[in-house]
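What follows is a short report on a single structure.
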Amino acid sequence: MTFKQFWVDPRQTELQTTLTAVNGHEVQVAQTIFYAESGGQESDHGTLAGQAVLQARKQGMDIIYTLASTDGLQEGQRVTMQIDWPRRWALMRLHFAAELMLELVYRRFPATEKIGAHIAADKARIDFVMAEPITPHLPALQQQLTQLVAADLPITSAFSDEAAQRRYWQIEGFARVPCGGTHLARSSEVGAVRLKRKNIGQGKERIEIYLL
């Protein structure tokens, strides 16, 4: 099992780790700070052993990294892993903004169903099944989100089931929300954001979130 150091310290940008497997252009490591796409949050960008990581994917409780080249690499070798911090920070902020927005939409529309989500470094989006346009509700949702950010609430992020690698986040006033992403320490770190509605088809609504 790959030890996910990004859960221990999501702000760590460099790590000395050990290669546990080398198979063609794919490698595995003992510990990692390099998040693999999951739950809609895109993978980190960065390098491993000086090589660009082309892909990071989950395989059970392990993470497999595809490198541009594995020439000279072998199992047991100590290597350095580095991530693109500005990208990670944008992903963390947009991720938590999207998480908060999802909970606020659920509170306003209890019967709403989420049908998709994606967190990239330039924007986040959440898709819902809704019978009416969400546009008239955006100002109120924006205000509620801004208030939560301004409240500077501490964010708890921990295991709900460590053996199964299940995690959650929680802030005051909200129930535990299952999520294995990389999280901020306080709600204020989200910063200023802008919401935008997009029509993606009849009976469907999309909220896009942008950092300001």
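Quick note on naming: the chains in the structure tokens go A, B, ... in the order shown, residues restart at 1 in each chain, and ligands are numbered from 1 in order of appearance.
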
Could you list, with a cut-off of 12 Å and counting only C-alpha atoms, the residues of segment 63-129 of chain A near segment 1-7 of chain A, each shown with its nearest atom pair and the distance in Å rounded to one decimal, rows sorted by chain and ascending number, as a tab-separated table?
```
residue	atom	partner	partner_atom	distance
A:Ile63	CA	A:Thr2	CA	6.3
A:Ile64	CA	A:Thr2	CA	9.2
A:Tyr65	CA	A:Thr2	CA	11.4
A:Met81	CA	A:Gln5	CA	11.6
A:Gln82	CA	A:Phe6	CA	11.8
A:Ile83	CA	A:Phe6	CA	10.7
A:Arg88	CA	A:Phe6	CA	10.6
A:Met92	CA	A:Phe6	CA	11.5
```

Taking the chain letters and numbering used in this document, name the residues of segment 77-144 of chain A that DSSP puts in strand (DSSP E or B), as a PyMOL selection string. chain A and resi 78-83+113-119+124-129

Next, the residues of the selection above should be written as a PDB file, in the first residue's frame with N, CA, C and O atoms.
```pdb
ATOM      1  N   ARG A  78      16.383   5.246  -3.844  1.00  0.00           N
ATOM      2  CA  ARG A  78      15.842   6.452  -3.236  1.00  0.00           C
ATOM      3  C   ARG A  78      15.733   7.524  -4.310  1.00  0.00           C
ATOM      4  O   ARG A  78      16.681   7.768  -5.071  1.00  0.00           O
ATOM      5  N   VAL A  79      14.577   8.180  -4.369  1.00  0.00           N
ATOM      6  CA  VAL A  79      14.330   9.189  -5.386  1.00  0.00           C
ATOM      7  C   VAL A  79      13.615  10.383  -4.759  1.00  0.00           C
ATOM      8  O   VAL A  79      13.070  10.296  -3.658  1.00  0.00           O
ATOM      9  N   THR A  80      13.622  11.493  -5.482  1.00  0.00           N
ATOM     10  CA  THR A  80      12.938  12.698  -5.031  1.00  0.00           C
ATOM     11  C   THR A  80      11.670  12.915  -5.844  1.00  0.00           C
ATOM     12  O   THR A  80      11.673  12.785  -7.063  1.00  0.00           O
ATOM     13  N   MET A  81      10.611  13.253  -5.147  1.00  0.00           N
ATOM     14  CA  MET A  81       9.327  13.567  -5.767  1.00  0.00           C
ATOM     15  C   MET A  81       9.023  15.034  -5.489  1.00  0.00           C
ATOM     16  O   MET A  81       9.183  15.512  -4.363  1.00  0.00           O
ATOM     17  N   GLN A  82       8.602  15.769  -6.515  1.00  0.00           N
ATOM     18  CA  GLN A  82       8.236  17.174  -6.365  1.00  0.00           C
ATOM     19  C   GLN A  82       6.907  17.433  -7.057  1.00  0.00           C
ATOM     20  O   GLN A  82       6.647  16.861  -8.122  1.00  0.00           O
ATOM     21  N   ILE A  83       6.091  18.311  -6.468  1.00  0.00           N
ATOM     22  CA  ILE A  83       4.822  18.647  -7.098  1.00  0.00           C
ATOM     23  C   ILE A  83       4.789  20.132  -7.443  1.00  0.00           C
ATOM     24  O   ILE A  83       5.522  20.941  -6.860  1.00  0.00           O
ATOM     25  N   GLU A 113     -30.122  15.907  -6.913  1.00  0.00           N
ATOM     26  CA  GLU A 113     -29.148  14.828  -7.119  1.00  0.00           C
ATOM     27  C   GLU A 113     -27.921  15.369  -7.853  1.00  0.00           C
ATOM     28  O   GLU A 113     -28.042  15.993  -8.899  1.00  0.00           O
ATOM     29  N   LYS A 114     -26.739  15.132  -7.292  1.00  0.00           N
ATOM     30  CA  LYS A 114     -25.505  15.478  -7.997  1.00  0.00           C
ATOM     31  C   LYS A 114     -25.213  14.400  -9.033  1.00  0.00           C
ATOM     32  O   LYS A 114     -25.263  13.217  -8.727  1.00  0.00           O
ATOM     33  N   ILE A 115     -24.902  14.812 -10.255  1.00  0.00           N
ATOM     34  CA  ILE A 115     -24.628  13.834 -11.315  1.00  0.00           C
ATOM     35  C   ILE A 115     -23.221  13.962 -11.878  1.00  0.00           C
ATOM     36  O   ILE A 115     -22.840  13.213 -12.781  1.00  0.00           O
ATOM     37  N   GLY A 116     -22.432  14.884 -11.335  1.00  0.00           N
ATOM     38  CA  GLY A 116     -21.061  15.010 -11.823  1.00  0.00           C
ATOM     39  C   GLY A 116     -20.335  16.131 -11.129  1.00  0.00           C
ATOM     40  O   GLY A 116     -20.946  17.046 -10.574  1.00  0.00           O
ATOM     41  N   ALA A 117     -19.008  16.040 -11.141  1.00  0.00           N
ATOM     42  CA  ALA A 117     -18.164  17.088 -10.569  1.00  0.00           C
ATOM     43  C   ALA A 117     -16.764  16.948 -11.148  1.00  0.00           C
ATOM     44  O   ALA A 117     -16.330  15.839 -11.478  1.00  0.00           O
ATOM     45  N   HIS A 118     -16.091  18.091 -11.259  1.00  0.00           N
ATOM     46  CA  HIS A 118     -14.705  18.055 -11.737  1.00  0.00           C
ATOM     47  C   HIS A 118     -13.973  19.247 -11.152  1.00  0.00           C
ATOM     48  O   HIS A 118     -14.482  20.374 -11.188  1.00  0.00           O
ATOM     49  N   ILE A 119     -12.775  18.979 -10.621  1.00  0.00           N
ATOM     50  CA  ILE A 119     -11.957  20.030 -10.040  1.00  0.00           C
ATOM     51  C   ILE A 119     -10.670  20.129 -10.838  1.00  0.00           C
ATOM     52  O   ILE A 119      -9.830  19.222 -10.806  1.00  0.00           O
ATOM     53  N   ALA A 124     -13.741  24.848 -10.985  1.00  0.00           N
ATOM     54  CA  ALA A 124     -14.431  23.642 -10.520  1.00  0.00           C
ATOM     55  C   ALA A 124     -15.850  23.683 -11.068  1.00  0.00           C
ATOM     56  O   ALA A 124     -16.387  24.757 -11.369  1.00  0.00           O
ATOM     57  N   ARG A 125     -16.454  22.518 -11.203  1.00  0.00           N
ATOM     58  CA  ARG A 125     -17.850  22.464 -11.624  1.00  0.00           C
ATOM     59  C   ARG A 125     -18.576  21.356 -10.871  1.00  0.00           C
ATOM     60  O   ARG A 125     -17.984  20.347 -10.499  1.00  0.00           O
ATOM     61  N   ILE A 126     -19.877  21.594 -10.652  1.00  0.00           N
ATOM     62  CA  ILE A 126     -20.748  20.584 -10.065  1.00  0.00           C
ATOM     63  C   ILE A 126     -22.010  20.541 -10.910  1.00  0.00           C
ATOM     64  O   ILE A 126     -22.596  21.585 -11.224  1.00  0.00           O
ATOM     65  N   ASP A 127     -22.457  19.349 -11.273  1.00  0.00           N
ATOM     66  CA  ASP A 127     -23.644  19.167 -12.099  1.00  0.00           C
ATOM     67  C   ASP A 127     -24.756  18.525 -11.272  1.00  0.00           C
ATOM     68  O   ASP A 127     -24.513  17.607 -10.481  1.00  0.00           O
ATOM     69  N   PHE A 128     -25.982  19.026 -11.493  1.00  0.00           N
ATOM     70  CA  PHE A 128     -27.140  18.555 -10.742  1.00  0.00           C
ATOM     71  C   PHE A 128     -28.291  18.228 -11.688  1.00  0.00           C
ATOM     72  O   PHE A 128     -28.394  18.780 -12.785  1.00  0.00           O
ATOM     73  N   VAL A 129     -29.188  17.348 -11.215  1.00  0.00           N
ATOM     74  CA  VAL A 129     -30.495  17.186 -11.836  1.00  0.00           C
ATOM     75  C   VAL A 129     -31.420  18.179 -11.161  1.00  0.00           C
ATOM     76  O   VAL A 129     -31.629  18.109  -9.943  1.00  0.00           O
TER      77      VAL A 129
END
```

With only C-alpha atoms as the counted atoms, please give the residues lying no more than 10 Å from segment 101-106 of chain A, apart from itself and same-chain residues fewer than 2 positions off, as a PyMOL selection string. chain A and resi 95-99+108-114+117+125-128+134+137-138+140-142+144-145+174-175+177+195+207+209

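Nearest to Pro178 of chain A of all the residues A:Gly39, A:Pro154, A:Thr17, A:Gln74 is A:Gly39, based on only C-alpha atoms.
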
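The smallest atom-to-atom distance between Ser43 of chain A and any of A:Thr182, A:Asn23, A:Gln31, A:Gln170, using only C-alpha atoms, is found for A:Thr182.
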
Apply DSSP to the backbone of this structure and, from segment 13-209 of chain A, keep only the residues in helix (DSSP H, G or I); write these as number ranges by chain. A: 85-108, 135-150, 187-190

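A straight line drawn from atom CA of Lys58 of chain A to atom CA of Leu100 of chain A is 25.3 Å long.
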
Hey, which of A:Ser188, A:Thr70, A:Gln77, A:Asn199 ends up closest to His25 of chain A? Count only C-alpha atoms.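 Ranked by minimum distance to His25 of chain A, first place goes to A:Thr70.
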